[in-house]
>>> print(open('protein.pdb').read())   # PDB, C-alpha atoms
ATOM      1  CA  MET A  95      -1.707   6.886  13.103  1.00  0.00           C
ATOM      2  CA  LYS A  96      -3.820   9.334  11.114  1.00  0.00           C
ATOM      3  CA  ARG A  97      -5.492   8.710   7.769  1.00  0.00           C
ATOM      4  CA  ILE A  98      -4.463  11.108   5.018  1.00  0.00           C
ATOM      5  CA  PHE A  99      -5.712  11.621   1.467  1.00  0.00           C
ATOM      6  CA  PRO A 100      -2.791  12.454  -0.848  1.00  0.00           C
ATOM      7  CA  SER A 101      -3.183  12.470  -4.603  1.00  0.00           C
ATOM      8  CA  ILE A 102      -2.894   9.149  -6.463  1.00  0.00           C
ATOM      9  CA  ARG A 103      -2.618   9.172 -10.240  1.00  0.00           C
ATOM     10  CA  LYS A 104      -1.756   6.948 -13.177  1.00  0.00           C
ATOM     11  CA  MET A 105       1.906   6.973 -14.251  1.00  0.00           C
ATOM     12  CA  THR A 106       2.916   8.753 -17.417  1.00  0.00           C
ATOM     13  CA  TRP A 107       4.636   6.697 -20.124  1.00  0.00           C
ATOM     14  CA  GLU A 108       7.965   8.248 -19.133  1.00  0.00           C
ATOM     15  CA  GLU A 109       7.476   7.203 -15.491  1.00  0.00           C
ATOM     16  CA  THR A 110       6.413   3.737 -16.612  1.00  0.00           C
ATOM     17  CA  HIS A 111       9.649   3.273 -18.559  1.00  0.00           C
ATOM     18  CA  GLN A 112      11.695   4.827 -15.741  1.00  0.00           C
ATOM     19  CA  HIS A 113      10.382   2.161 -13.341  1.00  0.00           C
ATOM     20  CA  ASN A 114      10.902  -0.626 -15.920  1.00  0.00           C
ATOM     21  CA  LEU A 115       7.211  -1.478 -16.125  1.00  0.00           C
ATOM     22  CA  HIS A 116       5.320  -2.785 -19.139  1.00  0.00           C
ATOM     23  CA  ASN A 117       2.054  -1.089 -18.144  1.00  0.00           C
ATOM     24  CA  PRO A 118       1.492   2.180 -16.302  1.00  0.00           C
ATOM     25  CA  GLY A 119       1.173   1.841 -12.542  1.00  0.00           C
ATOM     26  CA  LEU A 120       0.020   4.277  -9.912  1.00  0.00           C
ATOM     27  CA  ILE A 121       1.963   7.132  -8.311  1.00  0.00           C
ATOM     28  CA  LEU A 122       1.280   8.590  -4.869  1.00  0.00           C
ATOM     29  CA  GLU A 123       2.096  12.293  -4.630  1.00  0.00           C
ATOM     30  CA  TYR A 124       2.822  13.419  -1.086  1.00  0.00           C
ATOM     31  CA  ILE A 125       4.400  16.781  -0.292  1.00  0.00           C
ATOM     32  CA  ASN A 126       7.456  16.744  -2.602  1.00  0.00           C
ATOM     33  CA  LEU A 127       7.598  12.954  -3.061  1.00  0.00           C
ATOM     34  CA  MET A 128       6.345  10.830  -5.944  1.00  0.00           C
ATOM     35  CA  ILE A 129       6.089   7.245  -4.702  1.00  0.00           C
ATOM     36  CA  PRO A 130       5.303   4.387  -7.111  1.00  0.00           C
ATOM     37  CA  LEU A 131       2.655   2.076  -5.665  1.00  0.00           C
ATOM     38  CA  SER A 132       2.478  -1.688  -5.882  1.00  0.00           C
ATOM     39  CA  ALA A 133      -1.260  -1.501  -6.471  1.00  0.00           C
ATOM     40  CA  GLY A 134      -3.583  -2.087  -9.369  1.00  0.00           C
ATOM     41  CA  TYR A 135      -6.401   0.101 -10.627  1.00  0.00           C
ATOM     42  CA  SER A 136      -9.073  -2.047  -8.940  1.00  0.00           C
ATOM     43  CA  ASP A 137      -7.342  -2.132  -5.547  1.00  0.00           C
ATOM     44  CA  THR A 138      -8.506  -0.177  -2.526  1.00  0.00           C
ATOM     45  CA  ILE A 139      -5.695   2.072  -1.296  1.00  0.00           C
ATOM     46  CA  GLN A 140      -5.731   3.681   2.149  1.00  0.00           C
ATOM     47  CA  ILE A 141      -2.880   5.809   3.435  1.00  0.00           C
ATOM     48  CA  TYR A 142      -1.968   6.666   7.010  1.00  0.00           C
ATOM     49  CA  ARG A 143       0.729   8.899   8.456  1.00  0.00           C
ATOM     50  CA  ASN A 144       2.562   7.357  11.394  1.00  0.00           C
ATOM     51  CA  GLY A 145       5.408   9.529  12.673  1.00  0.00           C
ATOM     52  CA  ASN A 146       7.928   9.910   9.848  1.00  0.00           C
ATOM     53  CA  SER A 147       6.442   7.153   7.733  1.00  0.00           C
ATOM     54  CA  LEU A 148       3.481   6.502   5.492  1.00  0.00           C
ATOM     55  CA  LEU A 149       1.576   3.253   5.873  1.00  0.00           C
ATOM     56  CA  ILE A 150      -0.009   2.275   2.570  1.00  0.00           C
ATOM     57  CA  LEU A 151      -2.674  -0.417   2.886  1.00  0.00           C
ATOM     58  CA  ILE A 152      -3.639  -2.089  -0.374  1.00  0.00           C
ATOM     59  CA  THR A 153      -6.555  -4.505  -0.423  1.00  0.00           C
ATOM     60  CA  ASN A 154      -8.474  -6.342  -3.079  1.00  0.00           C
ATOM     61  CA  ARG A 155     -11.303  -8.302  -1.537  1.00  0.00           C
ATOM     62  CA  ASN A 156     -12.465  -9.754  -4.876  1.00  0.00           C
ATOM     63  CA  LEU A 157      -9.047 -11.200  -5.700  1.00  0.00           C
ATOM     64  CA  GLY A 158      -8.301 -12.014  -2.052  1.00  0.00           C
ATOM     65  CA  TYR A 159      -5.096 -10.188  -1.201  1.00  0.00           C
ATOM     66  CA  VAL A 160      -3.799  -7.534   1.135  1.00  0.00           C
ATOM     67  CA  GLY A 161      -0.525  -5.630   1.230  1.00  0.00           C
ATOM     68  CA  LEU A 162       1.108  -3.086   3.474  1.00  0.00           C
ATOM     69  CA  ASP A 163       4.017  -0.833   2.526  1.00  0.00           C
ATOM     70  CA  GLU A 164       5.819   1.431   4.961  1.00  0.00           C
ATOM     71  CA  VAL A 165       7.524   4.369   3.260  1.00  0.00           C
ATOM     72  CA  ASP A 166       9.816   7.013   4.748  1.00  0.00           C
ATOM     73  CA  CYS A 167       8.099  10.431   4.489  1.00  0.00           C
ATOM     74  CA  LEU A 168      11.384  12.274   4.190  1.00  0.00           C
ATOM     75  CA  ASP A 169      12.963  10.516   1.219  1.00  0.00           C
ATOM     76  CA  GLY A 170      10.338   8.097  -0.142  1.00  0.00           C
ATOM     77  CA  ASP A 171      12.413   4.985   0.582  1.00  0.00           C
ATOM     78  CA  ILE A 172      10.542   1.771   1.344  1.00  0.00           C
ATOM     79  CA  ILE A 173      11.086   0.749   4.960  1.00  0.00           C
ATOM     80  CA  GLY A 174       9.170  -2.512   4.743  1.00  0.00           C
ATOM     81  CA  SER A 175       6.597  -4.344   2.681  1.00  0.00           C
ATOM     82  CA  VAL A 176       4.319  -7.347   3.102  1.00  0.00           C
ATOM     83  CA  PHE A 177       1.923  -8.966   0.619  1.00  0.00           C
ATOM     84  CA  LEU A 178      -0.439 -11.814   1.502  1.00  0.00           C
ATOM     85  CA  GLU A 179      -2.784 -13.845  -0.657  1.00  0.00           C
ATOM     86  CA  GLU A 180      -5.989 -15.257   0.786  1.00  0.00           C
ATOM     87  CA  TYR A 181      -4.588 -18.598   1.948  1.00  0.00           C
ATOM     88  CA  ARG A 182      -1.794 -16.792   3.874  1.00  0.00           C
ATOM     89  CA  ILE A 183      -4.107 -14.045   5.107  1.00  0.00           C
ATOM     90  CA  LYS A 184      -6.150 -16.571   7.040  1.00  0.00           C
ATOM     91  CA  ASP A 185      -2.969 -17.921   8.680  1.00  0.00           C
ATOM     92  CA  CYS A 186      -1.726 -14.455   9.665  1.00  0.00           C
ATOM     93  CA  LEU A 187      -4.897 -12.433  10.220  1.00  0.00           C
ATOM     94  CA  GLY A 188      -7.667 -14.967  10.678  1.00  0.00           C
ATOM     95  CA  SER A 189     -10.633 -15.904   8.510  1.00  0.00           C
ATOM     96  CA  ARG A 190     -12.568 -12.742   9.412  1.00  0.00           C
ATOM     97  CA  TRP A 191     -10.075 -10.365   7.774  1.00  0.00           C
ATOM     98  CA  LEU A 192     -12.766  -9.107   5.411  1.00  0.00           C
ATOM     99  CA  GLN A 193     -14.683  -7.616   8.349  1.00  0.00           C
ATOM    100  CA  MET A 194     -11.661  -5.901   9.932  1.00  0.00           C
ATOM    101  CA  LYS A 195     -11.249  -2.142   9.928  1.00  0.00           C
ATOM    102  CA  PRO A 196      -8.259  -0.858   7.929  1.00  0.00           C
ATOM    103  CA  GLU A 197      -6.545   0.292  11.139  1.00  0.00           C
ATOM    104  CA  THR A 198      -6.849  -3.228  12.583  1.00  0.00           C
ATOM    105  CA  LEU A 199      -5.417  -4.769   9.412  1.00  0.00           C
ATOM    106  CA  ILE A 200      -2.458  -2.393   9.587  1.00  0.00           C
ATOM    107  CA  LYS A 201      -1.767  -3.146  13.255  1.00  0.00           C
ATOM    108  CA  ARG A 202      -1.880  -6.876  12.570  1.00  0.00           C
ATOM    109  CA  LEU A 203       0.319  -6.633   9.461  1.00  0.00           C
ATOM    110  CA  MET A 204       2.996  -4.355  10.953  1.00  0.00           C
ATOM    111  CA  PRO A 205       4.946  -7.185  12.665  1.00  0.00           C
ATOM    112  CA  TYR A 206       5.434  -8.763   9.212  1.00  0.00           C
ATOM    113  CA  LEU A 207       7.113  -5.677   7.724  1.00  0.00           C
TER     114      LEU A 207
END
>>> encode(input="protein.pdb", output="structure tokens")
Amino acid sequence: MKRIFPSIRKMTWEETHQHNLHNPGLILEYINLMIPLSAGYSDTIQIYRNGNSLLILITNRNLGYVGLDEVDCLDGDIIGSVFLEEYRIKDCLGSRWLQMKPETLIKRLMPYL
């Protein structure tokens, strides 16, 4: 698993309508793929390459949630996704999740994908 830094940008109005959203979201641009993200503007987004998939870790410590999306690098299809709010995070990851490294969070969230 290696951290990568692809471009992330705000959706255009056309992309927003294409994805049936009311407000523009975020798009991850990786090689020839444009992947819509399930993340907000104030979220922390960290992306890792793991074989033929991207692992997209989305955290918001202020609002108390964490999410992990696994996306196929070849076609952009979502392989799996998990989203946990603070009360579920403690059950699944423990109460010290705020001190965990991103790589540790990913490893602990992967069984839930």
>>> atom_distance(input="protein.pdb", atom1="atom CA of A:Gly170", atom2="atom CA of A:Leu127")
6.3 Å
>>> atom_distance(input="protein.pdb", atom1="atom CA of A:Ser189", atom2="atom CA of A:Ala133")
22.8 Å
>>> closest_residue(input="protein.pdb", among="A:Asp137, A:Glu123, A:Glu180, A:Glu164", to="A:Leu192", atoms="only C-alpha atoms")
A:Glu180
>>> closest_residue(input="protein.pdb", among="A:Ile173, A:Leu149, A:Leu122, A:Cys186", to="A:Ile200", atoms="only C-alpha atoms")
A:Leu149
>>> residues_around(input="protein.pdb", residues="A:Val165", least_positions_apart="4", cutoff="9 Å", atoms="all atoms listed in the file", output="count of residues only")
13
>>> resolve_selection(input="protein.pdb", expression="the PyMOL selection byres ((chain A and resi 104) around 6)", output="list in words")
Arg103, Met105, Gly119 and Leu120 of chain A
>>> write_last_selection(input="protein.pdb", atoms="C-alpha atoms", output="PDB file, keeping the file's coordinate frame")
ATOM      1  CA  ARG A 103      -2.618   9.172 -10.240  1.00  0.00           C
ATOM      2  CA  MET A 105       1.906   6.973 -14.251  1.00  0.00           C
ATOM      3  CA  GLY A 119       1.173   1.841 -12.542  1.00  0.00           C
ATOM      4  CA  LEU A 120       0.020   4.277  -9.912  1.00  0.00           C
TER       5      LEU A 120
END
>>> atom_distance(input="protein.pdb", atom1="atom CA of A:Ile102", atom2="atom CA of A:Ile121")
5.6 Å
>>> axis_aligned_box(input="protein.pdb", around="stretch 161-168 of chain A", padding_each_side="4 Å", output="AutoDock Vina command-line options")
--center_x 5.4 --center_y 3.3 --center_z 3.1 --size_x 19.9 --size_y 25.9 --size_z 11.7
>>> residues_around(input="protein.pdb", residues="A:Val176", least_positions_apart="2", cutoff="9 Å", atoms="all atoms listed in the file", output="PDB file with C-alpha atoms, keeping the file's coordinate frame")
ATOM      1  CA  VAL A 160      -3.799  -7.534   1.135  1.00  0.00           C
ATOM      2  CA  GLY A 161      -0.525  -5.630   1.230  1.00  0.00           C
ATOM      3  CA  LEU A 162       1.108  -3.086   3.474  1.00  0.00           C
ATOM      4  CA  ASP A 163       4.017  -0.833   2.526  1.00  0.00           C
ATOM      5  CA  GLY A 174       9.170  -2.512   4.743  1.00  0.00           C
ATOM      6  CA  LEU A 178      -0.439 -11.814   1.502  1.00  0.00           C
ATOM      7  CA  LEU A 203       0.319  -6.633   9.461  1.00  0.00           C
ATOM      8  CA  MET A 204       2.996  -4.355  10.953  1.00  0.00           C
ATOM      9  CA  TYR A 206       5.434  -8.763   9.212  1.00  0.00           C
ATOM     10  CA  LEU A 207       7.113  -5.677   7.724  1.00  0.00           C
TER      11      LEU A 207
END
>>> residues_near_point(input="protein.pdb", point="(-6.4, 1.7, -3.2)", cutoff="10 Å", atoms="all atoms listed in the file", output="MDAnalysis selection string")
chainID A and resid 102 120 131:141 150:154
>>> closest_residue(input="protein.pdb", among="A:Leu157, A:Leu187, A:Ile125, A:Leu115", to="A:Pro205", atoms="only C-alpha atoms")
A:Leu187
>>> closest_residue(input="protein.pdb", among="A:Tyr159, A:Trp107, A:Tyr142, A:Phe99", to="A:Lys201", atoms="all atoms listed in the file")
A:Tyr142
>>> closest_residue(input="protein.pdb", among="A:Arg155, A:Arg143, A:Arg97, A:His113", to="A:Ile183", atoms="only C-alpha atoms")
A:Arg155
>>> build_atoms(input="protein.pdb", residues="stretch 158-178 of chain A", atoms="N, CA and C atoms", output="mmCIF file, in the coordinates of the input")
data_model
loop_
_atom_site.group_PDB
_atom_site.id
_atom_site.type_symbol
_atom_site.label_atom_id
_atom_site.label_comp_id
_atom_site.auth_asym_id
_atom_site.auth_seq_id
_atom_site.Cartn_x
_atom_site.Cartn_y
_atom_site.Cartn_z
ATOM 1 N N GLY A 158 -8.756 -11.384 -3.286
ATOM 2 C CA GLY A 158 -8.301 -12.014 -2.052
ATOM 3 C C GLY A 158 -6.844 -11.759 -1.708
ATOM 4 N N TYR A 159 -6.439 -10.492 -1.675
ATOM 5 C CA TYR A 159 -5.096 -10.188 -1.201
ATOM 6 C C TYR A 159 -5.068 -8.870 -0.443
ATOM 7 N N VAL A 160 -4.016 -8.743 0.349
ATOM 8 C CA VAL A 160 -3.799 -7.534 1.135
ATOM 9 C C VAL A 160 -2.295 -7.275 1.178
ATOM 10 N N GLY A 161 -1.928 -5.999 1.137
ATOM 11 C CA GLY A 161 -0.525 -5.630 1.230
ATOM 12 C C GLY A 161 -0.365 -4.390 2.082
ATOM 13 N N LEU A 162 0.794 -4.261 2.678
ATOM 14 C CA LEU A 162 1.108 -3.086 3.474
ATOM 15 C C LEU A 162 2.534 -2.663 3.153
ATOM 16 N N ASP A 163 2.701 -1.414 2.767
ATOM 17 C CA ASP A 163 4.017 -0.833 2.526
ATOM 18 C C ASP A 163 4.235 0.273 3.534
ATOM 19 N N GLU A 164 5.435 0.321 4.102
ATOM 20 C CA GLU A 164 5.819 1.431 4.961
ATOM 21 C C GLU A 164 6.894 2.211 4.221
ATOM 22 N N VAL A 165 6.645 3.511 4.047
ATOM 23 C CA VAL A 165 7.524 4.369 3.260
ATOM 24 C C VAL A 165 7.977 5.544 4.114
ATOM 25 N N ASP A 166 9.259 5.871 4.033
ATOM 26 C CA ASP A 166 9.816 7.013 4.748
ATOM 27 C C ASP A 166 9.277 8.305 4.144
ATOM 28 N N CYS A 167 8.682 9.167 4.964
ATOM 29 C CA CYS A 167 8.099 10.431 4.489
ATOM 30 C C CYS A 167 9.150 11.428 4.021
ATOM 31 N N LEU A 168 10.357 11.293 4.495
ATOM 32 C CA LEU A 168 11.384 12.274 4.190
ATOM 33 C C LEU A 168 12.044 12.049 2.839
ATOM 34 N N ASP A 169 12.271 10.776 2.474
ATOM 35 C CA ASP A 169 12.963 10.516 1.219
ATOM 36 C C ASP A 169 12.232 9.554 0.279
ATOM 37 N N GLY A 170 11.118 8.989 0.713
ATOM 38 C CA GLY A 170 10.338 8.097 -0.142
ATOM 39 C C GLY A 170 10.845 6.674 -0.204
ATOM 40 N N ASP A 171 11.876 6.348 0.584
ATOM 41 C CA ASP A 171 12.413 4.985 0.582
ATOM 42 C C ASP A 171 11.443 4.018 1.260
ATOM 43 N N ILE A 172 11.383 2.800 0.740
ATOM 44 C CA ILE A 172 10.542 1.771 1.344
ATOM 45 C C ILE A 172 11.247 1.222 2.577
ATOM 46 N N ILE A 173 10.557 1.263 3.700
ATOM 47 C CA ILE A 173 11.086 0.749 4.960
ATOM 48 C C ILE A 173 10.780 -0.736 5.071
ATOM 49 N N GLY A 174 9.577 -1.124 4.677
ATOM 50 C CA GLY A 174 9.170 -2.512 4.743
ATOM 51 C C GLY A 174 7.942 -2.745 3.889
ATOM 52 N N SER A 175 7.731 -4.004 3.534
ATOM 53 C CA SER A 175 6.597 -4.344 2.681
ATOM 54 C C SER A 175 6.164 -5.781 2.957
ATOM 55 N N VAL A 176 4.864 -5.998 2.945
ATOM 56 C CA VAL A 176 4.319 -7.347 3.102
ATOM 57 C C VAL A 176 3.135 -7.485 2.149
ATOM 58 N N PHE A 177 3.017 -8.665 1.539
ATOM 59 C CA PHE A 177 1.923 -8.966 0.619
ATOM 60 C C PHE A 177 1.435 -10.372 0.930
ATOM 61 N N LEU A 178 0.136 -10.511 1.164
ATOM 62 C CA LEU A 178 -0.439 -11.814 1.502
ATOM 63 C C LEU A 178 -1.615 -12.131 0.598
#
